[in-house]
Amino acid sequence: MSLGQLLAAELEREAVSTRKMLERTPADFDWSPHEKSTTLGDLAIHIARLPSYVKPALSETDLNLAAASTDQTILTNGAELAAFFDESVREAVSHLNQISDDELKQNLRLTNGDHVIAETARIGIIRNLVFSHLLHHRGQFSVYLRLKNVPVPSIYGPSADEQM
């Protein structure tokens, strides 16, 4: 099994729990738990969009996040978020399943405008920018759901609201 196929399988496994959470997104998209926190809607949209960074990470030599984050897709409910996420995951999995190990080891320059964030192997960018980032925000989102009294789904084990 190639590295890309291993990453694709991991993304598909993690997507199951993430999708459950996005489906449960309450309608109060403008709510935030604190004045310094992002809104529930912005966080949910960010989570749904993260897998879409796989394609440019695999096809570009320079990935500028400032330019990459211009997608203005409007999502207004849990069903739309889950469908958008599913499509993002499908596209990411397709690209990961086709990439060679050698291509994953090629360097990618990650920037935000003129600021260089990292210059490292594509696999590292994908692991950090997409996978770790997704899991971090999914954890954050589970707290948002709890604070809104929305049942939190089981992720790696049972939650207070749902058994495995």
# chains A, B, ... in the order shown; residues from 1 in each chain; ligands from 1
$ select_by_dssp --residues "region 15-162 of chain A" --states "alpha helix (DSSP H)" --output "PyMOL selection string"
chain A and resi 15-23+40-49+54-59+65-68+78-98+101-105+122-125+133-147
$ residues_around --residues "Asn128 (chain A)" --least-positions-apart "2" --cutoff "12 Å" --atoms "only C-alpha atoms" --output "list in words"
Leu50, Pro51, Tyr53, Val54, Ala57, Leu110, Ile117, Ala118, Thr120, Ala121, Arg122, Ile123, Gly124, Ile125, Ile126, Val130, Phe131, Ser132, His133, Leu134, Leu135 and His136 of chain A
$ residues_around --residues "region 20-24 of chain A" --least-positions-apart "5" --cutoff "9 Å" --atoms "only C-alpha atoms" --output "list in words"
Ala15, Ala44, Ile45, Ile47, Ala48, Asn77, Gly78, Ala79, Glu80, Leu81, Ala82, Ala83, Phe85, Arg138, Phe141, Ser142, Leu145, Val150, Pro151, Val152, Pro153 and Ser154 of chain A
$ atom_distance --atom1 "CA of Asn112 (chain A)" --atom2 "CA of Ala66 (chain A)"
5.1 Å
$ select_by_dssp --residues "region 47-115 of chain A" --states "strand (DSSP E)" --output "PyMOL selection string"
chain A and resi 62-64+107-112+115
$ write_last_selection --atoms "N, CA and C atoms" --output "short mmCIF file (atom, residue, chain, number, x, y, z; two decimals), in the first residue's frame"
data_model
loop_
_atom_site.label_atom_id
_atom_site.label_comp_id
_atom_site.auth_asym_id
_atom_site.auth_seq_id
_atom_site.Cartn_x
_atom_site.Cartn_y
_atom_site.Cartn_z
N ASP A 62 4.08 25.76 -4.77
CA ASP A 62 3.91 26.82 -3.78
C ASP A 62 2.42 26.90 -3.46
N LEU A 63 2.10 26.80 -2.19
CA LEU A 63 0.71 26.89 -1.76
C LEU A 63 0.57 28.11 -0.87
N ASN A 64 -0.11 29.13 -1.40
CA ASN A 64 -0.32 30.37 -0.67
C ASN A 64 -1.70 30.32 -0.03
N ASN A 107 9.22 18.50 -1.98
CA ASN A 107 8.98 19.67 -1.15
C ASN A 107 7.85 20.55 -1.68
N LEU A 108 7.17 21.15 -0.75
CA LEU A 108 6.11 22.12 -1.03
C LEU A 108 6.40 23.33 -0.16
N ARG A 109 6.27 24.49 -0.74
CA ARG A 109 6.46 25.73 0.01
C ARG A 109 5.09 26.25 0.39
N LEU A 110 4.85 26.37 1.70
CA LEU A 110 3.58 26.83 2.24
C LEU A 110 3.76 28.26 2.73
N THR A 111 2.95 29.17 2.18
CA THR A 111 3.05 30.58 2.56
C THR A 111 1.69 31.14 2.91
N ASN A 112 1.73 32.28 3.57
CA ASN A 112 0.52 33.08 3.79
C ASN A 112 0.91 34.49 3.35
N HIS A 115 4.72 35.68 3.79
CA HIS A 115 5.30 34.97 4.94
C HIS A 115 5.42 33.47 4.64
#
$ atom_distance --atom1 "CA of Ser17 (chain A)" --atom2 "CA of Phe29 (chain A)"
20.3 Å
$ closest_residue --among "A:Ala27, A:Leu58, A:Leu75, A:Leu40" --to "Leu96 (chain A)" --atoms "only C-alpha atoms"
A:Leu58
$ atom_distance --atom1 "CA of Ala67 (chain A)" --atom2 "CA of Leu6 (chain A)"
28.7 Å
$ closest_residue --among "A:Thr73, A:Gly4, A:Gly157, A:Asp102" --to "Asp42 (chain A)" --atoms "only C-alpha atoms"
A:Thr73
$ closest_residue --among "A:Arg19, A:Arg127, A:Ser32, A:Val143" --to "Phe84 (chain A)" --atoms "only C-alpha atoms"
A:Arg19
$ closest_residue --among "A:Glu119, A:Thr39, A:Leu3, A:His95" --to "Pro56 (chain A)" --atoms "only C-alpha atoms"
A:His95
$ closest_residue --among "A:Met164, A:Val93, A:Leu147, A:Ile99" --to "Leu11 (chain A)" --atoms "only C-alpha atoms"
A:Val93
